[in-house]
Structure formats: C-alpha cells, structure tokens
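Student: I'd like to ask some things about the structure below.
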Amino acid sequence: MSVVIGTGLGGGIIIDGDVVKGRKGFGGELGHVLLPYQSISGTAGLKPECNCGRTGDLESVCSLTAIEKTFLPYFLPRFPDHDLGKVDLSKAAKLVRGLAEKSDPMCREIFRVQAHALGLFFDEMINTFDPDALIVGGGAIETSKEFQQWFINEIRKGMPTQREEQADIPIYIMPNGDTAGARGAAIEALKLARASGLA
Ligand SMILES: [Zn+2]
C-alpha cells in the first residue's frame, strides 16, 4: 500500500504481487477517499476542498495543492507576521516543505496536520486490507532523514489506537524518489508482456 504526495496525491495497492486495477481501472484512487479530518486537532473550521468536488478527502489535505488552497489561507491569518504572507500563495506553497524542515512553527504545523490525515487514512486501509506495509513517497518528503522520521512518527500519532496485532505495521519512506512510479509501471509492463508471450 503506497501513497505519493506531490501536486496531488497518487496511490497504489498491491495484493499478492498484483496492482489493484478495479472494474474500470480506477482502483487505488486513494486521493479521493474521504477522511474524518475534523478529528485532527488544531483544525477547527478548516474546510479542505478537492478538485474532484469532495470535501475532506486525502488529496484535499495531503498535497501541494492543499497547502496552497487550504492550509496557507487557514494558517497565515493565525501567523500574521509570517514571511510567507508576503509572497503569492503558489510560490509560498512550494516553500513550506523547506521551512518545515527548518522547524518553522507554522510550516511544521501544516505537515503535522498532513501526517495526522495520513494516519487516519492508513487506519482505514489497515482495517480494510491488513497490509504488510505502508509506504509514503513523493516530493513532500524528499527531505532529510530526520524530517522523514519525524513525519512517520507524526503519522503514527495521528492513527486511532490500533489493535495489538495491527500496531506494529511498518511505515516506510519510498526509495528511489520520483522514479518509483516509473519503475513500478515498467515491472507491470514486463509482467503483461510475459503473460501475453511477448517477452
Ligand atoms: Zn478528491
């Protein structure tokens, strides 16, 4: 089970070695799964809207777009002297990750809320699939190892209490950065070619 946080939110579910595709190829559209985001502390009045029309799905909270459209308009008035208030939102959104790594309080808070949202989402997946592992990738966490570890710890903090047999599920940062999706697609293509006798 993997999620990739970039401009939007991509995802994939692999069961017994095969990617879940679904009836019409829409399987694993993890970004548009709704979350009980109202339970995340420090977000009273937050209304995360997704391009797909839903309010409060995973992409509406965990994406660069969410930082620009939802989090900066929500948090900047609460941090009125913040430097990011002086630049336009799309530019500011791209600076949030770097500032979060440097422990800027507002930017850390944005990433904490995103991590807790992922915790809620992973909890849904754990109860649905009991997966072997949870993997997080994408530009949002192409950061120092320390920041990645902090983010993983925050994901765990955001999860509701897990049953004993679920609590030790590993959470990994995706290796290979941005090429992970391409590698996966290549493996799938090879499997398909072999299955149809082409390779
Ligand atoms: Zn959506």
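A note on labels: chains of the structure tokens are A, B, ... as shown, every chain counts residues from 1, and ligands are counted from 1 in their shown order.
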Within 12 Å of ligand 1 (counting only C-alpha atoms and all ligand atoms), which residues show up? I'd like them as a list in words.
Tutor: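 The residues near ligand 1 are Gly8, Leu9, Gly10, Glu29, Leu30, Gly31, His32, Val33, Leu34, Leu35, Pro48, Glu49, Cys50, Asn51, Cys52, Gly53, Arg54, Thr55, Gly56, Asp57, Leu58, Glu59, Ser60, Val61, Cys62, Ser63, Thr65 and Ala66 of chain A.
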Student: Write out as a ChimeraX atom specification each polymer residue whose atoms come within 10 Å of Leu84 of chain A, counting only C-alpha atoms; drop sequence neighbours fewer than 6 positions from it.
Tutor: /A:72,76,91-93,95-96,99,106-107
Student: Could you state the separation of atom CA of Lys94 of chain A and atom CA of Pro175 of chain A in Å, given to one decimal place?
Tutor: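 Value for the atom CA of Lys94 of chain A-atom CA of Pro175 of chain A distance: 22.0 Å.
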Student: Quick one: DSSP strand (DSSP E or B) residues in chain A, as JSON, numbers by chain?
Tutor: {"A": [2, 3, 4, 5, 9, 10, 11, 12, 14, 15, 18, 19, 34, 49, 55, 57, 134, 135, 136, 137, 171, 172, 173]}
Student: For each of A:Met159, A:Ile15, A:Ile169, A:Ala186, take the minimum atom-to-atom distance to His116 of chain A, counting only C-alpha atoms, then give the residue where this is smallest.
Tutor: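 For His116 of chain A, the nearest of the candidates is A:Met159.
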Student: List the neighbours of segment 124-126 of chain A out to 10 Å using only C-alpha atoms; skip same-chain residues closer than 3 positions along the sequence, and give me the result as a PyMOL selection string.
Tutor: chain A and resi 1+13+30+33-35+118-121+129-134+159-160+162+166-167+169
Student: List the spatial neighbours of segment 147-152 of chain A as a ChimeraX atom specification - criterion: any atom at most 9 Å away, only C-alpha atoms, same-chain residues fewer than 6 positions off excluded.
Tutor: /A:100-101,111-112,115,136,141,171-173
Student: Mind pulling up the distance from atom CA of Thr7 of chain A to atom CA of Glu188 of chain A?
Tutor: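 Atom-to-atom, atom CA of Glu188 of chain A to atom CA of Thr7 of chain A, that is 24.0 Å.
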Student: Return the single residue from A:Arg183, A:Gly139, A:Lys21, A:Ile110 that is closest to Leu46 of chain A, with distances computed using only C-alpha atoms.
Tutor: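 Comparing A:Arg183, A:Gly139, A:Lys21, A:Ile110 against Leu46 of chain A, the winner is A:Ile110.
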Student: Taking into account only C-alpha atoms, which residue in the set A:Ile187, A:Pro77, A:Ile135, A:Thr143 is nearest to Lys102 of chain A?
Tutor: A:Thr143
Student: Can you work out the spacing between atom CA of Gly22 of chain A and atom CA of Ser196 of chain A in Å, to one decimal?
Tutor: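 Calculated distance between atom CA of Gly22 of chain A and atom CA of Ser196 of chain A is 20.1 Å.
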Student: Which of segment 69-98 of chain A counts as alpha helix (DSSP H) under DSSP, as a VMD selection string please?
Tutor: chain A and resid 72 to 75 89 to 98
Student: Could you write out that same residue set with all heavy atoms as a JSON list (two decimals), in the first residue's frame?
Tutor:
```json
[["chain", "number", "residue", "atom", "x", "y", "z"],
["A", 72, "LEU", "N", -2.46, 27.37, 3.66],
["A", 72, "LEU", "CA", -1.93, 28.73, 3.80],
["A", 72, "LEU", "C", -3.04, 29.74, 4.07],
["A", 72, "LEU", "O", -2.91, 30.56, 4.99],
["A", 72, "LEU", "CB", -1.08, 29.11, 2.58],
["A", 72, "LEU", "CG", 0.30, 28.41, 2.53],
["A", 72, "LEU", "CD1", 1.01, 28.73, 1.22],
["A", 72, "LEU", "CD2", 1.17, 28.80, 3.71],
["A", 73, "PRO", "N", -4.18, 29.67, 3.35],
["A", 73, "PRO", "CA", -5.26, 30.61, 3.68],
["A", 73, "PRO", "C", -5.79, 30.41, 5.11],
["A", 73, "PRO", "O", -6.30, 31.34, 5.72],
["A", 73, "PRO", "CB", -6.36, 30.29, 2.65],
["A", 73, "PRO", "CG", -5.62, 29.68, 1.50],
["A", 73, "PRO", "CD", -4.48, 28.91, 2.12],
["A", 74, "TYR", "N", -5.66, 29.20, 5.64],
["A", 74, "TYR", "CA", -6.14, 28.92, 7.00],
["A", 74, "TYR", "C", -5.13, 29.38, 8.05],
["A", 74, "TYR", "O", -5.50, 30.00, 9.05],
["A", 74, "TYR", "CB", -6.40, 27.42, 7.14],
["A", 74, "TYR", "CG", -6.91, 26.99, 8.50],
["A", 74, "TYR", "CD1", -8.26, 27.11, 8.85],
["A", 74, "TYR", "CD2", -6.03, 26.46, 9.46],
["A", 74, "TYR", "CE1", -8.72, 26.71, 10.10],
["A", 74, "TYR", "CE2", -6.49, 26.07, 10.70],
["A", 74, "TYR", "CZ", -7.83, 26.19, 11.02],
["A", 74, "TYR", "OH", -8.29, 25.80, 12.26],
["A", 75, "PHE", "N", -3.85, 29.07, 7.82],
["A", 75, "PHE", "CA", -2.86, 29.32, 8.87],
["A", 75, "PHE", "C", -2.24, 30.72, 8.82],
["A", 75, "PHE", "O", -1.85, 31.26, 9.87],
["A", 75, "PHE", "CB", -1.73, 28.27, 8.82],
["A", 75, "PHE", "CG", -2.13, 26.97, 9.45],
["A", 75, "PHE", "CD1", -2.33, 25.83, 8.68],
["A", 75, "PHE", "CD2", -2.32, 26.88, 10.83],
["A", 75, "PHE", "CE1", -2.70, 24.63, 9.27],
["A", 75, "PHE", "CE2", -2.69, 25.69, 11.42],
["A", 75, "PHE", "CZ", -2.88, 24.55, 10.64],
["A", 89, "LEU", "N", 0.48, 32.84, -3.13],
["A", 89, "LEU", "CA", 0.23, 31.54, -2.50],
["A", 89, "LEU", "C", 0.92, 30.38, -3.19],
["A", 89, "LEU", "O", 1.41, 29.46, -2.54],
["A", 89, "LEU", "CB", -1.28, 31.28, -2.42],
["A", 89, "LEU", "CG", -2.04, 32.05, -1.34],
["A", 89, "LEU", "CD1", -3.53, 31.71, -1.40],
["A", 89, "LEU", "CD2", -1.49, 31.74, 0.05],
["A", 90, "SER", "N", 0.97, 30.41, -4.53],
["A", 90, "SER", "CA", 1.56, 29.25, -5.21],
["A", 90, "SER", "C", 3.07, 29.21, -4.95],
["A", 90, "SER", "O", 3.66, 28.14, -4.80],
["A", 90, "SER", "CB", 1.23, 29.24, -6.70],
["A", 90, "SER", "OG", 2.02, 30.17, -7.38],
["A", 91, "LYS", "N", 3.68, 30.37, -4.88],
["A", 91, "LYS", "CA", 5.11, 30.44, -4.56],
["A", 91, "LYS", "C", 5.33, 30.03, -3.10],
["A", 91, "LYS", "O", 6.22, 29.25, -2.78],
["A", 91, "LYS", "CB", 5.60, 31.88, -4.78],
["A", 91, "LYS", "CG", 7.05, 32.03, -5.08],
["A", 91, "LYS", "CD", 7.29, 33.48, -5.46],
["A", 91, "LYS", "CE", 8.70, 33.72, -5.93],
["A", 91, "LYS", "NZ", 8.88, 35.16, -6.25],
["A", 92, "ALA", "N", 4.48, 30.56, -2.23],
["A", 92, "ALA", "CA", 4.60, 30.27, -0.79],
["A", 92, "ALA", "C", 4.46, 28.77, -0.53],
["A", 92, "ALA", "O", 5.21, 28.19, 0.26],
["A", 92, "ALA", "CB", 3.55, 31.05, -0.02],
["A", 93, "ALA", "N", 3.50, 28.14, -1.25],
["A", 93, "ALA", "CA", 3.23, 26.71, -1.01],
["A", 93, "ALA", "C", 4.49, 25.87, -1.24],
["A", 93, "ALA", "O", 4.76, 24.93, -0.50],
["A", 93, "ALA", "CB", 2.09, 26.24, -1.92],
["A", 94, "LYS", "N", 5.26, 26.25, -2.26],
["A", 94, "LYS", "CA", 6.47, 25.48, -2.58],
["A", 94, "LYS", "C", 7.58, 25.67, -1.54],
["A", 94, "LYS", "O", 8.53, 24.89, -1.50],
["A", 94, "LYS", "CB", 6.98, 25.87, -3.97],
["A", 94, "LYS", "CG", 6.02, 25.49, -5.08],
["A", 94, "LYS", "CD", 6.66, 25.64, -6.45],
["A", 94, "LYS", "CE", 5.68, 25.27, -7.56],
["A", 94, "LYS", "NZ", 4.85, 26.44, -7.97],
["A", 95, "LEU", "N", 7.46, 26.71, -0.73],
["A", 95, "LEU", "CA", 8.49, 26.98, 0.28],
["A", 95, "LEU", "C", 8.20, 26.31, 1.63],
["A", 95, "LEU", "O", 9.04, 26.26, 2.51],
["A", 95, "LEU", "CB", 8.63, 28.50, 0.49],
["A", 95, "LEU", "CG", 9.07, 29.28, -0.76],
["A", 95, "LEU", "CD1", 8.96, 30.79, -0.51],
["A", 95, "LEU", "CD2", 10.49, 28.91, -1.16],
["A", 96, "VAL", "N", 6.97, 25.78, 1.76],
["A", 96, "VAL", "CA", 6.54, 25.26, 3.07],
["A", 96, "VAL", "C", 7.40, 24.06, 3.51],
["A", 96, "VAL", "O", 7.82, 23.98, 4.67],
["A", 96, "VAL", "CB", 5.04, 24.89, 3.03],
["A", 96, "VAL", "CG1", 4.63, 24.09, 4.26],
["A", 96, "VAL", "CG2", 4.20, 26.16, 2.94],
["A", 97, "ARG", "N", 7.69, 23.15, 2.60],
["A", 97, "ARG", "CA", 8.46, 21.96, 2.98],
["A", 97, "ARG", "C", 9.83, 22.34, 3.54],
["A", 97, "ARG", "O", 10.23, 21.85, 4.60],
["A", 97, "ARG", "CB", 8.62, 21.02, 1.78],
["A", 97, "ARG", "CG", 9.39, 19.76, 2.14],
["A", 97, "ARG", "CD", 9.78, 18.97, 0.92],
["A", 97, "ARG", "NE", 10.71, 19.74, 0.09],
["A", 97, "ARG", "CZ", 11.17, 19.33, -1.10],
["A", 97, "ARG", "NH1", 10.76, 18.20, -1.60],
["A", 97, "ARG", "NH2", 12.01, 20.07, -1.77],
["A", 98, "GLY", "N", 10.54, 23.20, 2.82],
["A", 98, "GLY", "CA", 11.88, 23.59, 3.27],
["A", 98, "GLY", "C", 11.84, 24.27, 4.63],
["A", 98, "GLY", "O", 12.69, 24.02, 5.49]]
```
Student: When you count only C-alpha atoms, which of these residues is closest to Phe122 of chain A: A:Gly158, A:Ile5, A:Gly17, A:Ala193?
Tutor: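 Once distances to Phe122 of chain A are computed over only C-alpha atoms, the minimum belongs to A:Gly158.
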